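Visitor: A single structure is presented below for examination.
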There are 2 protein chains.
Amino acid sequence: MTRHEMIWSTNLATRAERMRASEIRELLKLLEQPDIISFAGGIPDPSLFPVDTVRQVTAGIFDDAKRAAQALQYSVSEGYLPLRQWIVAHMGRLGVACEPDNILITNGSQQGLDFLGKLLVSPGDTLLVEAPTYLGALQAFNAYEPRYDRLIPEGGNRTPASYASAAATAGGRVKAAYVVPDFANPTGETMSREARIGLLDLAEDLGIAVIEDTAYQALRYEGEDLPAILALDVARTGHIDLTRTVYCGTFSKTIAPAYRVGWVCAAKDIVAKLVLAKQAADLHSSTINQMVMHGVAVAAYDTQVIAARALYRGRRDALLAALDREMPENVTWSKPEGGLFVWATLPERFDGGELLARAIAEERIAFVPGAAFYATDTRPNTLRLNFSSPNEEKIAEGIKRLGRLIRRT
Amino acid sequence: MTRHEMIWSTNLATRAERMRASEIRELLKLLEQPDIISFAGGIPDPSLFPVDTVRQVTAGIFDDAKRAAQALQYSVSEGYLPLRQWIVAHMGRLGVACEPDNILITNGSQQGLDFLGKLLVSPGDTLLVEAPTYLGALQAFNAYEPRYDRLIPEGGNRTPASYASAAATAGGRVKAAYVVPDFANPTGETMSREARIGLLDLAEDLGIAVIEDTAYQALRYEGEDLPAILALDVARTGHIDLTRTVYCGTFSKTIAPAYRVGWVCAAKDIVAKLVLAKQAADLHSSTINQMVMHGVAVAAYDTQVIAARALYRGRRDALLAALDREMPENVTWSKPEGGLFVWATLPERFDGGELLARAIAEERIAFVPGAAFYATDTRPNTLRLNFSSPNEEKIAEGIKRLGRLIRRT
């Protein structure tokens, strides 16, 4: 039997295809073309990276022979204890009283999503997600063959019985609800306190987990912080070890993404099971990266957050002002209080993918067509506009070009 | 419905349990007790870590503002191109002509195993593994609910039809054969050239993949290198893109494990699908770690291998000599030409787990009971003895104590 007849070629192809997001990968390549003004990214501005602090913390580790040997050696799957202790204090400031055994270090928050898919989802089970939602979460979950049903957090959810019976009809059960409650990717929108409580009520009725992805939580530019869903869950149950919410956090947007250091915070019995998934997946996160991240967090977390907020607030303001100036009346967009994205909705005759092709060819601008972010109820007349990468001048020029393109299309 | 009635608690518990290897985790904790002479580990001796080179390479990255920004930023899922190019040259030296698109960077070789499980295995499918085999591979695969059948590489394999019909009876198909061909964990044994060719014949007949885990390949202390199974596959098919073998490599045993940098080398179409799995799992491996690993590999790979071989050869010799001196006649053990482990077989009345409890309590020595390494055909009268962590003096003393314990048990 030749390799191309192999049983597993079919498997590989089908399974891999579920995890594909080719639009995004192709778009990222565009960022390398310097004459394109790109609103397509979702990455931090590198001017914010604390290079000097990182350099000093790293040198400090290598200057101490014992710490150097520790930094280069295998370590426990749970993660580096001082970093978990720092995160315990950080979660305390967010209203979540917890202990190191409530924390697992993951490779960014993305890996937490993969593990939750792996542990929760059997083929045909249902996950509740917003429309649109974070594409990377769909990629992580898709490997485990879920069905999706639509969550409408701000007062539009169906009854628990309706979700449960739809899941049963599809041959599985509802297993979790996934949300990005603060300045969501891709919409920039934030769940109200009432919506967070409503989601916990729904999850309790359904007996499911809530997966809270907080990648952008620290990046608030106006308004007051809302409690984490996990904090509300702790408040209602009385103790983190009685909660159903799995909080997925990350340093990618506040310190630097390349270390691939994020965390899960949840009830101890859940974390213990995620630790087994971590061990099976890649043994542990990079020891040295966890030690460096701990040192940098201690030295510079708060100043990093202040600097990021100042830079991105200016860019968000520039983007919203440019949209006000340049968009035709039939275009609407979100007004995010934080995060990295604005979500624009065009008249229904538009298709984001077709518009992107013209945007690149005719105006040398890029964005992400909205269709990629929908697991259900796709609306192709939508665009995701990122404001963390282009500076204010490029934002003004790029949106001028986008307005021009939309008017003549 | 309370959290403890949650549908997903059951799922989590069952799935997580499949990935458990509690003995190993508990044993690793013993390594922290300084009065225990431990043969239980499997980790490199930290005196081999190239701390000065790592420090210089890292400083060089931070001294260049552009490289520093790159090192801290998101990067592509395939991995850092210069590192993939270095690996292409390395694979060339192993007889595998390939290109960067044949390489995916993973978090150690462990993550490659996880992705292969994810892409290949549906519940009830069969994987062919040796008895015993690498525990971490079983943990990675177990998440995907395979059945195992026994591979006996040195001339004892059943017919392809027998494997296929056993798999069909169990409700699935044979999907892959997994081997550690060089100085295997846990046995220390090496597949002959004939056994490698025989495995490719079997895989071809069954239409399955061969997963070649080469964690210890560079650590040969005597004898001549045998061709990688992937190299034999390239030779028989004429081109890497026609092969069925997936080579999982790592820098963990030659440079340092804590960076979590390994790689997969395989046909381009397979690698392209594994790249999607990587993106879904954790986006990409740490950028800075890949850049550091590239610099260290360029500067010091060969000298690292020479130093590791010299140190571990001495310890292997010490272990084999001590076993010769101290073991009763009815104990046998492997004579590894490389790697980190010797596999001992005691008379059938012994149980490795019970012996370990007495070893710790009465003799302050530790090893890994062999039962944990079996997916089929368990033999509890076996032990894995590691020789990379204890020095020669401790090896002599520890084996003296082990011999004493066995004689009186």
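Quick note on naming: the chains in the structure tokens go A, B, ... in the order shown, residues restart at 1 in each chain, and ligands are numbered from 1 in order of appearance.
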DSSP says helix (DSSP H, G or I) for which residues of range 135-336 of chain A? Put them as an mmCIF file with C-alpha atoms, in the first residue's frame?
Guide:
data_model
loop_
_atom_site.group_PDB
_atom_site.id
_atom_site.type_symbol
_atom_site.label_atom_id
_atom_site.label_comp_id
_atom_site.auth_asym_id
_atom_site.auth_seq_id
_atom_site.Cartn_x
_atom_site.Cartn_y
_atom_site.Cartn_z
ATOM 1 C CA LEU A 135 -11.041 32.342 15.993
ATOM 2 C CA GLY A 136 -8.194 30.696 17.923
ATOM 3 C CA ALA A 137 -10.667 29.243 20.407
ATOM 4 C CA LEU A 138 -12.667 27.713 17.569
ATOM 5 C CA GLN A 139 -9.439 26.258 16.132
ATOM 6 C CA ALA A 140 -8.482 24.765 19.503
ATOM 7 C CA PHE A 141 -11.952 23.316 20.137
ATOM 8 C CA ASN A 142 -12.528 22.121 16.549
ATOM 9 C CA PRO A 160 -31.464 26.147 29.360
ATOM 10 C CA ALA A 161 -33.981 23.521 28.228
ATOM 11 C CA SER A 162 -33.787 24.814 24.658
ATOM 12 C CA TYR A 163 -29.980 24.606 24.604
ATOM 13 C CA ALA A 164 -30.037 21.166 26.224
ATOM 14 C CA SER A 165 -32.617 19.719 23.862
ATOM 15 C CA ALA A 166 -30.846 21.103 20.792
ATOM 16 C CA ALA A 167 -27.640 19.454 22.040
ATOM 17 C CA ALA A 168 -29.422 16.150 22.665
ATOM 18 C CA THR A 169 -30.982 16.237 19.190
ATOM 19 C CA ARG A 193 -22.095 42.650 35.080
ATOM 20 C CA GLU A 194 -25.675 41.472 34.565
ATOM 21 C CA ALA A 195 -24.665 39.439 31.530
ATOM 22 C CA ARG A 196 -21.875 37.770 33.505
ATOM 23 C CA ILE A 197 -24.301 36.814 36.258
ATOM 24 C CA GLY A 198 -26.810 35.646 33.668
ATOM 25 C CA LEU A 199 -24.169 33.429 32.101
ATOM 26 C CA LEU A 200 -23.379 31.844 35.487
ATOM 27 C CA ASP A 201 -27.099 31.218 35.998
ATOM 28 C CA LEU A 202 -27.358 29.559 32.601
ATOM 29 C CA ALA A 203 -24.219 27.471 33.251
ATOM 30 C CA GLU A 204 -25.585 26.378 36.613
ATOM 31 C CA ASP A 205 -28.896 25.328 35.089
ATOM 32 C CA LEU A 206 -27.111 23.390 32.353
ATOM 33 C CA ILE A 229 -16.762 35.912 35.911
ATOM 34 C CA LEU A 230 -14.596 33.718 38.138
ATOM 35 C CA ALA A 231 -14.751 36.418 40.859
ATOM 36 C CA LEU A 232 -18.561 36.453 40.634
ATOM 37 C CA ASP A 233 -18.538 32.651 40.764
ATOM 38 C CA VAL A 234 -16.349 32.699 43.898
ATOM 39 C CA ALA A 235 -18.721 35.254 45.438
ATOM 40 C CA ARG A 236 -21.800 33.122 44.769
ATOM 41 C CA THR A 237 -20.322 29.748 45.740
ATOM 42 C CA ILE A 240 -12.893 28.958 44.356
ATOM 43 C CA ASP A 241 -12.890 25.199 44.812
ATOM 44 C CA LEU A 242 -16.679 25.226 44.408
ATOM 45 C CA PRO A 257 3.859 37.052 23.740
ATOM 46 C CA ALA A 258 7.045 35.240 22.701
ATOM 47 C CA TYR A 259 7.626 33.662 26.106
ATOM 48 C CA LYS A 268 -8.197 22.691 42.533
ATOM 49 C CA ASP A 269 -9.778 19.471 41.292
ATOM 50 C CA ILE A 270 -10.105 20.922 37.801
ATOM 51 C CA VAL A 271 -6.537 22.257 37.813
ATOM 52 C CA ALA A 272 -5.248 18.852 38.955
ATOM 53 C CA LYS A 273 -6.806 17.311 35.845
ATOM 54 C CA LEU A 274 -5.487 20.036 33.566
ATOM 55 C CA VAL A 275 -2.011 19.367 35.001
ATOM 56 C CA LEU A 276 -2.258 15.805 33.671
ATOM 57 C CA ALA A 277 -3.211 17.191 30.264
ATOM 58 C CA LYS A 278 -0.207 19.534 30.413
ATOM 59 C CA GLN A 279 2.137 16.673 31.280
ATOM 60 C CA ALA A 280 0.811 14.574 28.411
ATOM 61 C CA ALA A 281 0.976 17.463 25.935
ATOM 62 C CA ASP A 282 4.487 18.864 26.489
ATOM 63 C CA THR A 287 11.413 26.710 32.908
ATOM 64 C CA ILE A 288 13.585 29.686 32.033
ATOM 65 C CA ASN A 289 10.663 31.526 30.463
ATOM 66 C CA GLN A 290 8.615 31.114 33.620
ATOM 67 C CA MET A 291 11.519 32.343 35.766
ATOM 68 C CA VAL A 292 12.073 35.355 33.506
ATOM 69 C CA MET A 293 8.351 36.125 33.405
ATOM 70 C CA HIS A 294 8.209 36.004 37.187
ATOM 71 C CA GLY A 295 11.094 38.449 37.490
ATOM 72 C CA VAL A 296 9.631 40.810 34.904
ATOM 73 C CA ALA A 297 6.148 40.662 36.432
ATOM 74 C CA VAL A 298 7.555 41.547 39.855
ATOM 75 C CA ALA A 299 9.642 44.382 38.430
ATOM 76 C CA ALA A 300 7.414 45.837 35.763
ATOM 77 C CA TYR A 301 3.865 44.454 35.459
ATOM 78 C CA ASP A 302 2.127 47.621 36.616
ATOM 79 C CA THR A 303 4.288 49.990 34.563
ATOM 80 C CA GLN A 304 3.822 47.747 31.531
ATOM 81 C CA VAL A 305 0.047 47.953 31.877
ATOM 82 C CA ILE A 306 0.157 51.746 32.272
ATOM 83 C CA ALA A 307 2.335 52.154 29.180
ATOM 84 C CA ALA A 308 0.224 49.789 27.080
ATOM 85 C CA ARG A 309 -2.990 51.535 28.084
ATOM 86 C CA ALA A 310 -1.573 54.961 27.174
ATOM 87 C CA LEU A 311 -0.300 53.859 23.764
ATOM 88 C CA TYR A 312 -3.346 51.839 22.732
ATOM 89 C CA ARG A 313 -5.846 54.381 24.109
ATOM 90 C CA GLY A 314 -4.404 56.971 21.705
ATOM 91 C CA ARG A 315 -4.647 54.552 18.796
ATOM 92 C CA ARG A 316 -8.187 53.517 19.671
ATOM 93 C CA ASP A 317 -9.173 57.195 19.838
ATOM 94 C CA ALA A 318 -7.498 57.807 16.475
ATOM 95 C CA LEU A 319 -9.327 54.839 14.925
ATOM 96 C CA LEU A 320 -12.743 55.837 16.291
ATOM 97 C CA ALA A 321 -12.211 59.463 15.193
ATOM 98 C CA ALA A 322 -11.133 58.341 11.712
ATOM 99 C CA LEU A 323 -14.161 56.059 11.392
ATOM 100 C CA ASP A 324 -16.396 58.996 12.406
ATOM 101 C CA ARG A 325 -14.786 61.141 9.727
ATOM 102 C CA GLU A 326 -14.464 58.653 6.903
#
Visitor: So that I can check the surroundings of Ala176 in chain B, please list as a tab-separated table (two decimals) with C-alpha atoms, in the first residue's frame every protein, DNA and RNA residue that reaches within 9 Å of it, counting only C-alpha atoms and ignoring chain neighbours fewer than 4 positions away.
Guide:
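The result, written out as selection14.tsv:
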chain	number	residue	atom	x	y	z
A	8	TRP	CA	-4.17	8.08	8.24
B	120	LEU	CA	-4.29	9.96	13.84
B	121	VAL	CA	-6.27	8.29	16.58
B	126	THR	CA	-4.91	0.59	17.39
B	127	LEU	CA	-1.36	1.79	17.96
B	128	LEU	CA	1.51	-0.69	17.82
B	129	VAL	CA	4.02	-0.21	20.65
B	203	ALA	CA	3.99	-0.36	8.14
B	206	LEU	CA	-0.66	-2.10	7.02
B	207	GLY	CA	-0.74	1.36	5.39
B	208	ILE	CA	0.22	3.05	8.65
B	209	ALA	CA	2.62	5.68	9.90
B	210	VAL	CA	5.84	4.99	11.76
B	211	ILE	CA	6.46	7.37	14.67
Visitor: For chain B, which residue out of A:Met191, A:Arg244, A:Glu145, A:Asn102 is the nearest one, using only C-alpha atoms?
Guide: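 Counting only C-alpha atoms, the residue closest to chain B is A:Arg244.
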Visitor: From a DSSP pass on the backbone, collect the residues of range 6-217 of chain A flagged as strand (DSSP E) and hand them back as a ChimeraX atom specification.
Guide: /A:37-38,103-106,126-129,147-150,174-179,209-213
Visitor: Produce a file of the selected residues containing C-alpha atoms, as a tab-separated table (two decimals), in the first residue's frame.
Guide:
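Saved the output as again.tsv:
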chain	number	residue	atom	x	y	z
A	37	ILE	CA	-1.33	49.69	6.13
A	38	SER	CA	-2.55	46.70	8.07
A	103	ILE	CA	-3.00	27.81	39.06
A	104	LEU	CA	-1.53	25.91	36.09
A	105	ILE	CA	1.01	27.62	33.83
A	106	THR	CA	0.19	27.14	30.14
A	126	THR	CA	-22.14	21.28	22.17
A	127	LEU	CA	-20.13	24.36	23.10
A	128	LEU	CA	-21.90	27.69	23.52
A	129	VAL	CA	-20.03	30.58	21.89
A	147	ARG	CA	-21.11	21.30	17.64
A	148	TYR	CA	-21.65	25.00	18.42
A	149	ASP	CA	-24.73	26.81	19.60
A	150	ARG	CA	-25.07	30.54	19.92
A	174	VAL	CA	-23.79	20.96	26.30
A	175	LYS	CA	-20.35	20.93	27.89
A	176	ALA	CA	-19.22	24.55	28.29
A	177	ALA	CA	-19.83	28.18	27.43
A	178	TYR	CA	-16.83	30.12	26.10
A	179	VAL	CA	-16.62	33.90	26.34
A	209	ALA	CA	-18.32	24.92	32.71
A	210	VAL	CA	-17.72	28.56	31.88
A	211	ILE	CA	-14.46	29.18	30.01
A	212	GLU	CA	-13.44	32.80	30.66
A	213	ASP	CA	-10.76	34.01	28.23
Visitor: Which residue, A:Asp114, A:Glu392, A:Glu78, A:Asp101, has the smallest gap to chain B when you use only C-alpha atoms?
Guide: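 The shortest atom-to-atom distance to chain B comes from A:Asp114.
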Visitor: Report, in Å to a single decimal, how far apart CA of Asp182 in chain A and CA of Glu329 in chain A are.
Guide: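 So the answer is 27.6 Å.
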